[in-house]
>>> print(open('entry_7.cif').read())   # mmCIF, C-alpha atoms and all ligand atoms
data_coords
#
loop_
_atom_site.group_PDB
_atom_site.id
_atom_site.type_symbol
_atom_site.label_atom_id
_atom_site.label_comp_id
_atom_site.auth_asym_id
_atom_site.auth_seq_id
_atom_site.Cartn_x
_atom_site.Cartn_y
_atom_site.Cartn_z
ATOM 1 C CA MET Q 58 93.368 55.403 109.763
ATOM 2 C CA ARG Q 59 91.964 52.431 107.906
ATOM 3 C CA HIS Q 60 90.497 49.134 109.137
ATOM 4 C CA LEU Q 61 89.531 45.990 107.207
ATOM 5 C CA MET Q 62 86.077 44.705 108.115
ATOM 6 C CA SER Q 63 84.767 43.459 104.771
ATOM 7 C CA PRO Q 64 86.418 42.567 101.456
ATOM 8 C CA LEU Q 65 84.467 45.489 99.961
ATOM 9 C CA ASP Q 66 86.468 47.980 102.055
ATOM 10 C CA PHE Q 67 89.005 47.972 99.210
ATOM 11 C CA SER Q 68 88.052 48.975 95.671
ATOM 12 C CA THR Q 69 89.038 46.565 92.886
ATOM 13 C CA GLU Q 70 91.805 49.034 91.907
ATOM 14 C CA GLU Q 71 93.145 48.973 95.479
ATOM 15 C CA LEU Q 72 92.960 45.183 95.447
ATOM 16 C CA ASP Q 73 95.034 45.119 92.235
ATOM 17 C CA LEU Q 74 97.696 47.169 94.039
ATOM 18 C CA LEU Q 75 97.529 44.898 97.085
ATOM 19 C CA PHE Q 76 97.910 41.755 94.950
ATOM 20 C CA GLY Q 77 100.766 43.387 93.030
ATOM 21 C CA LEU Q 78 102.495 44.081 96.342
ATOM 22 C CA ALA Q 79 101.857 40.500 97.546
ATOM 23 C CA GLU Q 80 103.391 39.143 94.309
ATOM 24 C CA ASP Q 81 106.443 41.388 94.751
ATOM 25 C CA ILE Q 82 106.820 40.170 98.345
ATOM 26 C CA ARG Q 83 106.624 36.564 97.090
ATOM 27 C CA LYS Q 84 109.346 37.195 94.517
ATOM 28 C CA ASN Q 85 111.603 39.489 96.596
ATOM 29 C CA PRO Q 86 111.077 38.614 100.273
ATOM 30 C CA ALA Q 87 114.448 40.094 101.328
ATOM 31 C CA LYS Q 88 113.309 43.555 100.216
ATOM 32 C CA TYR Q 89 110.577 43.493 102.849
ATOM 33 C CA ALA Q 90 112.390 41.690 105.667
ATOM 34 C CA HIS Q 91 112.752 44.854 107.783
ATOM 35 C CA ALA Q 92 109.762 46.862 106.586
ATOM 36 C CA CYS Q 93 107.938 46.543 109.943
ATOM 37 C CA HIS Q 94 110.958 46.957 112.187
ATOM 38 C CA GLY Q 95 109.792 48.388 115.536
ATOM 39 C CA LYS Q 96 106.098 47.638 114.862
ATOM 40 C CA ILE Q 97 103.898 45.259 116.851
ATOM 41 C CA LEU Q 98 100.935 43.209 115.657
ATOM 42 C CA ALA Q 99 98.403 42.042 118.275
ATOM 43 C CA THR Q 100 96.412 38.900 117.441
ATOM 44 C CA CYS Q 101 93.248 38.864 119.573
ATOM 45 C CA PHE Q 102 91.550 35.534 118.904
ATOM 46 C CA TYR Q 103 88.374 34.746 120.845
ATOM 47 C CA GLU Q 104 87.764 31.647 118.679
ATOM 48 C CA PRO Q 105 90.011 28.741 117.634
ATOM 49 C CA SER Q 106 92.279 29.158 114.635
ATOM 50 C CA THR Q 107 95.478 27.719 113.260
ATOM 51 C CA ARG Q 108 96.002 29.201 109.805
ATOM 52 C CA THR Q 109 94.637 32.668 110.233
ATOM 53 C CA ARG Q 110 96.383 33.488 113.507
ATOM 54 C CA LEU Q 111 99.673 31.842 112.646
ATOM 55 C CA SER Q 112 99.722 33.277 109.131
ATOM 56 C CA PHE Q 113 99.222 36.777 110.552
ATOM 57 C CA GLU Q 114 102.022 36.149 113.030
ATOM 58 C CA SER Q 115 104.274 34.674 110.358
ATOM 59 C CA ALA Q 116 103.490 37.655 108.081
ATOM 60 C CA MET Q 117 104.513 40.180 110.761
ATOM 61 C CA ILE Q 118 107.672 38.293 111.683
ATOM 62 C CA ARG Q 119 108.651 38.010 107.998
ATOM 63 C CA LEU Q 120 108.285 41.806 107.804
ATOM 64 C CA GLY Q 121 110.706 42.234 110.715
ATOM 65 C CA GLY Q 122 107.997 43.205 113.221
ATOM 66 C CA GLN Q 123 106.964 41.605 116.497
ATOM 67 C CA ILE Q 124 103.791 39.982 117.796
ATOM 68 C CA ILE Q 125 101.729 39.816 120.982
ATOM 69 C CA GLY Q 126 98.271 38.394 121.598
ATOM 70 C CA PHE Q 127 96.040 35.614 122.867
ATOM 71 C CA ALA Q 128 94.700 32.513 121.161
ATOM 72 C CA ASP Q 129 91.474 31.929 123.059
ATOM 73 C CA ALA Q 130 88.963 33.932 125.023
ATOM 74 C CA ALA Q 131 89.563 31.880 128.174
ATOM 75 C CA SER Q 132 93.130 33.199 128.455
ATOM 76 C CA SER Q 133 92.079 36.844 127.960
ATOM 77 C CA SER Q 134 90.266 39.266 130.261
ATOM 78 C CA ALA Q 135 87.071 38.493 128.312
ATOM 79 C CA SER Q 136 86.793 35.598 130.771
ATOM 80 C CA LYS Q 137 86.570 38.254 133.549
ATOM 81 C CA GLY Q 138 83.853 40.105 131.649
ATOM 82 C CA GLU Q 139 85.865 42.758 129.809
ATOM 83 C CA SER Q 140 84.187 44.154 126.656
ATOM 84 C CA VAL Q 141 85.913 44.158 123.250
ATOM 85 C CA SER Q 142 85.717 47.985 123.320
ATOM 86 C CA ASP Q 143 87.779 48.122 126.498
ATOM 87 C CA THR Q 144 90.163 45.429 125.322
ATOM 88 C CA ILE Q 145 90.949 47.279 122.080
ATOM 89 C CA ARG Q 146 91.588 50.541 123.937
ATOM 90 C CA ILE Q 147 94.215 48.726 125.954
ATOM 91 C CA ILE Q 148 95.637 46.875 122.942
ATOM 92 C CA SER Q 149 95.928 50.268 121.187
ATOM 93 C CA CYS Q 150 98.484 51.221 123.890
ATOM 94 C CA TYR Q 151 100.517 48.064 123.296
ATOM 95 C CA ALA Q 152 100.473 47.453 119.534
ATOM 96 C CA ASP Q 153 100.396 49.241 116.163
ATOM 97 C CA ILE Q 154 97.862 47.000 114.410
ATOM 98 C CA CYS Q 155 95.423 44.312 115.557
ATOM 99 C CA ALA Q 156 93.890 41.210 113.924
ATOM 100 C CA MET Q 157 90.738 40.125 115.762
ATOM 101 C CA ARG Q 158 88.642 36.962 115.473
ATOM 102 C CA HIS Q 159 85.400 36.705 117.406
ATOM 103 C CA PRO Q 160 82.415 34.303 117.481
ATOM 104 C CA LYS Q 161 79.996 37.264 117.561
ATOM 105 C CA GLU Q 162 79.150 38.863 114.234
ATOM 106 C CA GLY Q 163 80.148 42.521 114.220
ATOM 107 C CA ALA Q 164 82.511 42.343 117.244
ATOM 108 C CA PRO Q 165 85.604 43.490 115.262
ATOM 109 C CA MET Q 166 83.515 46.410 113.960
ATOM 110 C CA VAL Q 167 82.646 47.425 117.537
ATOM 111 C CA ALA Q 168 86.351 47.226 118.371
ATOM 112 C CA ALA Q 169 87.305 49.314 115.313
ATOM 113 C CA GLU Q 170 85.031 52.144 116.468
ATOM 114 C CA LYS Q 171 87.009 52.534 119.693
ATOM 115 C CA SER Q 172 90.432 51.632 118.356
ATOM 116 C CA LEU Q 173 93.395 53.965 117.946
ATOM 117 C CA ILE Q 174 95.130 51.445 115.653
ATOM 118 C CA PRO Q 175 93.996 49.636 112.460
ATOM 119 C CA VAL Q 176 91.801 46.606 113.197
ATOM 120 C CA ILE Q 177 91.542 43.669 110.809
ATOM 121 C CA ASN Q 178 88.504 41.397 110.992
ATOM 122 C CA ALA Q 179 90.018 37.895 111.110
ATOM 123 C CA GLY Q 180 86.574 36.235 111.057
ATOM 124 C CA ASP Q 181 83.389 37.230 112.898
ATOM 125 C CA GLY Q 182 80.932 34.403 113.526
ATOM 126 C CA GLY Q 183 79.206 33.191 110.371
ATOM 127 C CA HIS Q 184 79.459 36.666 108.847
ATOM 128 C CA GLN Q 185 82.690 37.690 107.090
ATOM 129 C CA HIS Q 186 86.305 36.624 106.731
ATOM 130 C CA PRO Q 187 87.912 39.279 104.547
ATOM 131 C CA THR Q 188 91.549 38.165 104.803
ATOM 132 C CA GLN Q 189 90.588 34.645 103.715
ATOM 133 C CA THR Q 190 88.895 36.274 100.730
ATOM 134 C CA LEU Q 191 92.044 38.257 99.925
ATOM 135 C CA THR Q 192 93.903 34.944 100.096
ATOM 136 C CA ASP Q 193 91.355 33.260 97.801
ATOM 137 C CA LEU Q 194 91.436 36.108 95.274
ATOM 138 C CA LEU Q 195 95.235 36.238 95.200
ATOM 139 C CA THR Q 196 95.364 32.447 94.707
ATOM 140 C CA ILE Q 197 92.858 32.575 91.836
ATOM 141 C CA HIS Q 198 94.606 35.567 90.275
ATOM 142 C CA SER Q 199 98.043 33.945 90.502
ATOM 143 C CA LEU Q 200 97.071 30.448 89.381
ATOM 144 C CA LYS Q 201 94.397 31.289 86.802
ATOM 145 C CA GLY Q 202 95.876 34.604 85.668
ATOM 146 C CA ARG Q 203 92.547 36.440 85.970
ATOM 147 C CA LEU Q 204 89.732 37.350 88.336
ATOM 148 C CA GLY Q 205 86.762 36.953 86.014
ATOM 149 C CA GLY Q 206 85.479 34.845 83.151
ATOM 150 C CA PHE Q 207 84.901 31.626 85.081
ATOM 151 C CA THR Q 208 82.305 29.343 86.608
ATOM 152 C CA ILE Q 209 82.923 28.800 90.303
ATOM 153 C CA GLY Q 210 81.281 26.045 92.343
ATOM 154 C CA LEU Q 211 80.998 26.582 96.089
ATOM 155 C CA CYS Q 212 80.299 23.352 97.910
ATOM 156 C CA GLY Q 213 79.409 22.352 101.469
ATOM 157 C CA ASP Q 214 78.178 24.582 104.275
ATOM 158 C CA LEU Q 215 77.047 27.662 102.380
ATOM 159 C CA LYS Q 216 74.790 28.767 105.227
ATOM 160 C CA PHE Q 217 77.306 29.186 108.040
ATOM 161 C CA GLY Q 218 80.547 29.399 106.027
ATOM 162 C CA ARG Q 219 81.783 32.980 106.415
ATOM 163 C CA THR Q 220 84.545 32.445 103.851
ATOM 164 C CA VAL Q 221 81.857 31.669 101.265
ATOM 165 C CA HIS Q 222 79.852 34.799 102.100
ATOM 166 C CA SER Q 223 82.894 37.061 101.870
ATOM 167 C CA LEU Q 224 84.173 35.463 98.664
ATOM 168 C CA ILE Q 225 80.849 35.821 96.834
ATOM 169 C CA LYS Q 226 80.539 39.464 97.892
ATOM 170 C CA ALA Q 227 84.035 40.133 96.571
ATOM 171 C CA LEU Q 228 83.596 38.231 93.290
ATOM 172 C CA VAL Q 229 80.398 39.973 92.186
ATOM 173 C CA ARG Q 230 82.546 42.997 91.314
ATOM 174 C CA TYR Q 231 84.363 41.065 88.549
ATOM 175 C CA HIS Q 232 83.045 40.316 85.041
ATOM 176 C CA ASP Q 233 81.536 37.205 83.592
ATOM 177 C CA ILE Q 234 81.331 34.986 86.658
ATOM 178 C CA LYS Q 235 78.752 32.262 87.100
ATOM 179 C CA PHE Q 236 78.139 30.808 90.567
ATOM 180 C CA VAL Q 237 77.092 27.221 91.212
ATOM 181 C CA PHE Q 238 76.015 26.621 94.815
ATOM 182 C CA ILE Q 239 76.268 22.979 95.837
ATOM 183 C CA SER Q 240 74.803 22.209 99.246
ATOM 184 C CA PRO Q 241 72.212 20.148 101.070
ATOM 185 C CA GLU Q 242 68.862 21.904 101.414
ATOM 186 C CA GLU Q 243 69.522 22.834 105.075
ATOM 187 C CA LEU Q 244 72.864 24.495 104.291
ATOM 188 C CA ARG Q 245 71.847 26.632 101.335
ATOM 189 C CA VAL Q 246 73.429 30.024 100.813
ATOM 190 C CA PRO Q 247 71.463 32.766 102.699
ATOM 191 C CA ASP Q 248 68.768 34.722 100.875
ATOM 192 C CA TYR Q 249 70.655 38.002 101.184
ATOM 193 C CA ILE Q 250 73.331 36.518 98.933
ATOM 194 C CA THR Q 251 70.930 35.228 96.259
ATOM 195 C CA ASP Q 252 69.045 38.563 96.447
ATOM 196 C CA LEU Q 253 72.326 40.363 95.763
ATOM 197 C CA LEU Q 254 73.002 38.163 92.719
ATOM 198 C CA LYS Q 255 69.462 38.624 91.390
ATOM 199 C CA SER Q 256 69.652 42.400 91.794
ATOM 200 C CA ARG Q 257 72.824 42.448 89.691
ATOM 201 C CA ASN Q 258 71.675 39.881 87.109
ATOM 202 C CA ILE Q 259 74.563 37.584 87.972
ATOM 203 C CA PRO Q 260 73.864 33.993 86.916
ATOM 204 C CA TYR Q 261 73.736 31.318 89.614
ATOM 205 C CA GLU Q 262 72.428 27.814 90.059
ATOM 206 C CA GLU Q 263 71.679 25.883 93.269
ATOM 207 C CA VAL Q 264 72.134 22.108 93.181
ATOM 208 C CA ILE Q 265 72.464 19.241 95.611
ATOM 209 C CA ARG Q 266 74.622 16.795 93.631
ATOM 210 C CA LEU Q 267 78.256 17.727 93.068
ATOM 211 C CA GLU Q 268 78.750 15.142 90.283
ATOM 212 C CA ARG Q 269 76.104 16.771 88.129
ATOM 213 C CA VAL Q 270 77.909 20.124 87.863
ATOM 214 C CA MET Q 271 81.545 19.016 88.150
ATOM 215 C CA PRO Q 272 82.286 19.110 84.354
ATOM 216 C CA GLN Q 273 81.281 22.776 84.004
ATOM 217 C CA LEU Q 274 83.424 24.185 86.835
ATOM 218 C CA ASP Q 275 86.653 26.184 86.427
ATOM 219 C CA LEU Q 276 87.051 26.488 90.196
ATOM 220 C CA LEU Q 277 85.671 24.365 93.016
ATOM 221 C CA TYR Q 278 85.662 25.970 96.490
ATOM 222 C CA MET Q 279 85.123 23.213 99.065
ATOM 223 C CA THR Q 280 84.160 23.991 102.680
ATOM 224 C CA ARG Q 281 83.752 22.050 105.887
ATOM 225 C CA VAL Q 282 80.415 21.815 107.685
ATOM 226 C CA GLN Q 283 80.748 24.448 110.448
ATOM 227 C CA LYS Q 284 80.192 22.268 113.498
ATOM 228 C CA GLU Q 285 80.518 25.120 116.000
ATOM 229 C CA ARG Q 286 77.574 27.032 114.491
ATOM 230 C CA PHE Q 287 75.061 24.156 114.753
ATOM 231 C CA PHE Q 288 72.401 24.199 117.405
ATOM 232 C CA ASN Q 289 72.223 20.454 117.720
ATOM 233 C CA GLU Q 290 74.768 17.677 117.318
ATOM 234 C CA GLU Q 291 72.346 15.365 115.445
ATOM 235 C CA ASP Q 292 71.993 17.739 112.498
ATOM 236 C CA TYR Q 293 75.754 18.130 112.319
ATOM 237 C CA VAL Q 294 76.346 14.367 112.343
ATOM 238 C CA ARG Q 295 73.731 13.875 109.600
ATOM 239 C CA LEU Q 296 75.257 16.536 107.338
ATOM 240 C CA LYS Q 297 78.975 16.398 108.028
ATOM 241 C CA ASP Q 298 79.880 13.815 105.356
ATOM 242 C CA PHE Q 299 77.344 14.925 102.761
ATOM 243 C CA TYR Q 300 80.152 15.695 100.291
ATOM 244 C CA ILE Q 301 83.432 13.874 99.956
ATOM 245 C CA LEU Q 302 85.556 14.960 97.015
ATOM 246 C CA ASN Q 303 87.579 11.969 95.806
ATOM 247 C CA ALA Q 304 89.534 10.835 92.738
ATOM 248 C CA ASP Q 305 86.362 9.494 91.026
ATOM 249 C CA LYS Q 306 84.674 12.879 91.249
ATOM 250 C CA MET Q 307 87.872 14.668 90.162
ATOM 251 C CA ALA Q 308 87.834 12.470 87.028
ATOM 252 C CA LEU Q 309 84.633 14.294 85.977
ATOM 253 C CA ALA Q 310 86.272 17.731 86.200
ATOM 254 C CA LYS Q 311 88.070 19.871 83.642
ATOM 255 C CA LYS Q 312 91.796 19.226 83.301
ATOM 256 C CA ASP Q 313 92.577 22.726 84.581
ATOM 257 C CA MET Q 314 89.895 23.077 87.257
ATOM 258 C CA LEU Q 315 91.359 24.221 90.584
ATOM 259 C CA VAL Q 316 90.206 22.943 93.969
ATOM 260 C CA LEU Q 317 90.343 25.554 96.733
ATOM 261 C CA HIS Q 318 89.510 25.139 100.422
ATOM 262 C CA PRO Q 319 90.062 27.678 103.227
ATOM 263 C CA LEU Q 320 91.035 24.740 105.510
ATOM 264 C CA PRO Q 321 90.803 23.090 107.995
ATOM 265 C CA ARG Q 322 89.447 20.126 106.087
ATOM 266 C CA VAL Q 323 87.630 17.366 107.932
ATOM 267 C CA ASN Q 324 86.333 14.641 105.550
ATOM 268 C CA GLU Q 325 85.112 16.704 102.634
ATOM 269 C CA ILE Q 326 88.271 16.213 100.564
ATOM 270 C CA SER Q 327 89.775 12.765 100.526
ATOM 271 C CA VAL Q 328 93.571 12.804 101.030
ATOM 272 C CA GLU Q 329 94.017 11.042 97.657
ATOM 273 C CA VAL Q 330 93.045 14.360 95.995
ATOM 274 C CA ASP Q 331 96.077 16.083 97.594
ATOM 275 C CA GLU Q 332 98.365 14.565 94.933
ATOM 276 C CA ASP Q 333 96.198 15.827 92.061
ATOM 277 C CA PRO Q 334 97.911 18.867 90.435
ATOM 278 C CA ARG Q 335 94.536 20.633 90.471
ATOM 279 C CA ALA Q 336 94.469 20.611 94.305
ATOM 280 C CA ALA Q 337 95.470 24.183 95.187
ATOM 281 C CA TYR Q 338 94.531 24.387 98.875
ATOM 282 C CA PHE Q 339 98.002 24.070 100.362
ATOM 283 C CA ARG Q 340 99.381 26.638 97.902
ATOM 284 C CA GLN Q 341 96.414 28.825 98.919
ATOM 285 C CA ALA Q 342 97.599 28.768 102.560
ATOM 286 C CA GLN Q 343 101.026 29.976 101.378
ATOM 287 C CA TYR Q 344 99.458 32.863 99.448
ATOM 288 C CA GLY Q 345 97.657 33.777 102.687
ATOM 289 C CA VAL Q 346 100.960 34.826 104.242
ATOM 290 C CA TYR Q 347 101.969 37.047 101.281
ATOM 291 C CA VAL Q 348 98.619 38.772 101.139
ATOM 292 C CA ARG Q 349 98.601 39.399 104.908
ATOM 293 C CA MET Q 350 102.119 40.854 104.624
ATOM 294 C CA ALA Q 351 100.844 43.179 101.893
ATOM 295 C CA LEU Q 352 97.801 44.090 103.983
ATOM 296 C CA ILE Q 353 99.843 44.928 107.105
ATOM 297 C CA LEU Q 354 102.147 47.168 105.043
ATOM 298 C CA THR Q 355 99.184 48.873 103.387
ATOM 299 C CA LEU Q 356 97.239 49.548 106.599
ATOM 300 C CA LEU Q 357 100.373 50.793 108.367
ATOM 301 C CA GLU Q 358 101.224 52.875 105.270
ATOM 302 C CA LEU Q 359 104.767 51.517 105.205
ATOM 303 C CA GLU Q 360 107.256 51.142 102.344
ATOM 304 C CA PRO Q 361 109.915 48.432 102.160
ATOM 305 C CA ALA Q 362 112.890 49.438 104.331
ATOM 306 C CA CYS Q 363 116.194 50.147 102.584
ATOM 307 C CA GLU Q 364 118.823 47.491 103.305
HETATM 308 C C1 LIG F 1 87.915 29.270 107.933
HETATM 309 C C2 LIG F 1 87.221 30.064 109.029
HETATM 310 O O1 LIG F 1 87.769 30.221 110.109
HETATM 311 O O2 LIG F 1 86.132 30.533 108.733
HETATM 312 N N1 LIG F 1 89.230 28.908 108.262
HETATM 313 C C3 LIG F 1 90.246 29.765 107.983
HETATM 314 O O3 LIG F 1 90.292 30.873 108.465
HETATM 315 N N2 LIG F 1 91.171 29.367 107.104
HETATM 316 C C4 LIG F 1 87.129 28.127 107.458
HETATM 317 C C5 LIG F 1 86.669 27.105 108.473
HETATM 318 O O4 LIG F 1 86.950 27.209 109.664
HETATM 319 O O5 LIG F 1 86.022 26.164 108.014
#
>>> encode(input="entry_7.cif", output="structure tokens")
Amino acid sequence: MRHLMSPLDFSTEELDLLFGLAEDIRKNPAKYAHACHGKILATCFYEPSTRTRLSFESAMIRLGGQIIGFADAASSSASKGESVSDTIRIISCYADICAMRHPKEGAPMVAAEKSLIPVINAGDGGHQHPTQTLTDLLTIHSLKGRLGGFTIGLCGDLKFGRTVHSLIKALVRYHDIKFVFISPEELRVPDYITDLLKSRNIPYEEVIRLERVMPQLDLLYMTRVQKERFFNEEDYVRLKDFYILNADKMALAKKDMLVLHPLPRVNEISVEVDEDPRAAYFRQAQYGVYVRMALILTLLELEPACE
């Protein structure tokens, strides 16, 4: 039985297969409409979410399966003091696969150790968010036609943003990538990430001003400042509008640069950018459903059902 805790749990060859499956699902959805008939996905979300939870649920329903779950810790037995280990043992009796989001780093891993069904880490604190990374990689692969040979700027909260940490870890396995980290001093990418890049001789640059690096980027990954991970409100208020991507800044970018964002956005991308053909973040959310469908099928070791 296989779980998904980190984007590195799949080799790049396995990821190619997963993305191939996601593309086939996108092109031939009817072929997969009954593939999960009789299967149940549990979504156990101890932290708020719109996209991740609903895209998992949509993915399972589009595969002909069913869903159960809870959307916040207050409505689960965690509020009575139940541990994640106990909860997953119970969920294992009710469902065939589980997607879990938790504010504590490592909680889905603790659950996986006791689970009788595959567990997918749907975001653990400021640590990892592997299914967002699968979404990001599929989007880049589909829209750029490759997963290497580009300069990617990551902008915003690089300290607490788990999507950033997971994406960098996944991208270091591809060739000829240069990273440009754009953040205020207080929200710089953690040392363990820069240490990883140094140890592999992967080029990176850390800057504060987005305008300065905009012309060199092939991809710009914007992120929101992670309010819920701040210790004091004042720091959040001071940093929250540090970057606002608008039409003036987009005018400095390459004609084929793509803007990605895991969403939700707050103020960091002005709505005027939504109409720019280079804005890919809503398409990215759509790819998130296809890749989660492919992931569910892969972890449950299922083939498309015959009509
Ligand atoms: C991200 C997350 O939860 O880390 N959202 C998502 O899953 N699409 C990013 C965020 O909340 O800023």
>>> resolve_selection(input="entry_7.cif", expression="the PyMOL selection byres (((chain Q and resi 181) around 9) and not hetatm)", output="list of chain:residue names")
Q:Met157, Q:Arg158, Q:His159, Q:Pro160, Q:Lys161, Q:Glu162, Q:Gly163, Q:Ala164, Q:Pro165, Q:Asn178, Q:Ala179, Q:Gly180, Q:Gly182, Q:Gly183, Q:His184, Q:Gln185, Q:His186, Q:Arg219
>>> closest_atom_pairs(input="entry_7.cif", of="stretch 214-298 of chain Q", to="stretch 314-332 of chain Q", cutoff="9 Å", atoms="all atoms listed in the file", output="CSV")
residue,atom,partner,partner_atom,distance
Q:Thr220,CA,Q:Pro319,CA,7.3
Q:Leu274,CA,Q:Met314,CA,6.6
Q:Asp275,CA,Q:Met314,CA,4.6
Q:Leu276,CA,Q:Leu315,CA,4.9
Q:Leu277,CA,Q:Val316,CA,4.8
Q:Tyr278,CA,Q:Leu317,CA,4.7
Q:Met279,CA,Q:His318,CA,5.0
Q:Thr280,CA,Q:His318,CA,5.9
Q:Arg281,CA,Q:Arg322,CA,6.0
Q:Val282,CA,Q:Val323,CA,8.5
Q:Lys297,CA,Q:Asn324,CA,8.0
Q:Asp298,CA,Q:Asn324,CA,6.5
>>> write_last_selection(input="entry_7.cif", atoms="C-alpha atoms", output="compact mmCIF listing (two decimals), in the coordinates of the input")
# COMPACT_ATOMS: atom_id res chain seq x y z
CA THR Q 220 84.54 32.44 103.85
CA LEU Q 274 83.42 24.18 86.84
CA ASP Q 275 86.65 26.18 86.43
CA LEU Q 276 87.05 26.49 90.20
CA LEU Q 277 85.67 24.36 93.02
CA TYR Q 278 85.66 25.97 96.49
CA MET Q 279 85.12 23.21 99.06
CA THR Q 280 84.16 23.99 102.68
CA ARG Q 281 83.75 22.05 105.89
CA VAL Q 282 80.42 21.82 107.68
CA LYS Q 297 78.97 16.40 108.03
CA ASP Q 298 79.88 13.82 105.36
>>> closest_residue(input="entry_7.cif", among="Q:Pro187, Q:Gly213, Q:Thr69, Q:Met62", to="Q:Tyr231", atoms="all atoms listed in the file")
Q:Thr69
>>> residues_around(input="entry_7.cif", residues="Q:Tyr151", least_positions_apart="5", cutoff="10 Å", atoms="only C-alpha atoms", output="list in words")
Ile97, Leu98, Ala99, Ile125, Ile145, Arg146 and Ile174 of chain Q
>>> residues_around(input="entry_7.cif", residues="Q:Arg266", least_positions_apart="4", cutoff="9 Å", atoms="all atoms listed in the file", output="list in words")
Ile239, Ser240, Pro241, Val270 and Tyr300 of chain Q
>>> axis_aligned_box(input="entry_7.cif", around="ligand LIG 1 (chain F)", padding_each_side="4 Å", output="AutoDock Vina command-line options")
--center_x 88.6 --center_y 28.5 --center_z 108.6 --size_x 13.1 --size_y 12.7 --size_z 11.0
>>> atom_distance(input="entry_7.cif", atom1="atom CA of Q:Ile259", atom2="atom CA of Q:His232")
9.4 Å
>>> closest_residue(input="entry_7.cif", among="Q:Ala168, Q:Ala227, Q:Leu309, Q:Ile177", to="Q:Leu267", atoms="all atoms listed in the file")
Q:Leu309
>>> closest_residue(input="entry_7.cif", among="Q:Leu120, Q:Leu191, Q:Pro175, Q:Asp305", to="Q:Leu356", atoms="all atoms listed in the file")
Q:Pro175
>>> residues_near_point(input="entry_7.cif", point="(73.0, 25.3, 100.4)", cutoff="9 Å", atoms="all atoms listed in the file", output="list of chain:residue names")
Q:Cys212, Q:Gly213, Q:Asp214, Q:Leu215, Q:Lys216, Q:Phe238, Q:Ile239, Q:Ser240, Q:Pro241, Q:Glu242, Q:Glu243, Q:Leu244, Q:Arg245, Q:Val246, Q:Pro247, Q:Glu263, Q:Val264, Q:Ile265
>>> closest_atom_pairs(input="entry_7.cif", of="stretch 168-246 of chain Q", to="stretch 75-92 of chain Q", cutoff="10 Å", atoms="all atoms listed in the file", output="Markdown table")
| residue | atom | partner | partner_atom | distance |
| --- | --- | --- | --- | --- |
| Q:Leu191 | CA | Q:Phe76 | CA | 8.4 |
| Q:Thr192 | CA | Q:Phe76 | CA | 9.4 |
| Q:Leu194 | CA | Q:Phe76 | CA | 8.6 |
| Q:Leu195 | CA | Q:Phe76 | CA | 6.1 |
| Q:Thr196 | CA | Q:Phe76 | CA | 9.7 |
| Q:His198 | CA | Q:Phe76 | CA | 8.4 |
| Q:Ser199 | CA | Q:Glu80 | CA | 8.4 |
>>> closest_residue(input="entry_7.cif", among="Q:Ile225, Q:Gly126, Q:Thr208, Q:Phe113", to="Q:Ser63", atoms="only C-alpha atoms")
Q:Ile225
>>> atom_distance(input="entry_7.cif", atom1="atom CA of Q:Tyr338", atom2="atom CA of Q:Ala156")
22.6 Å
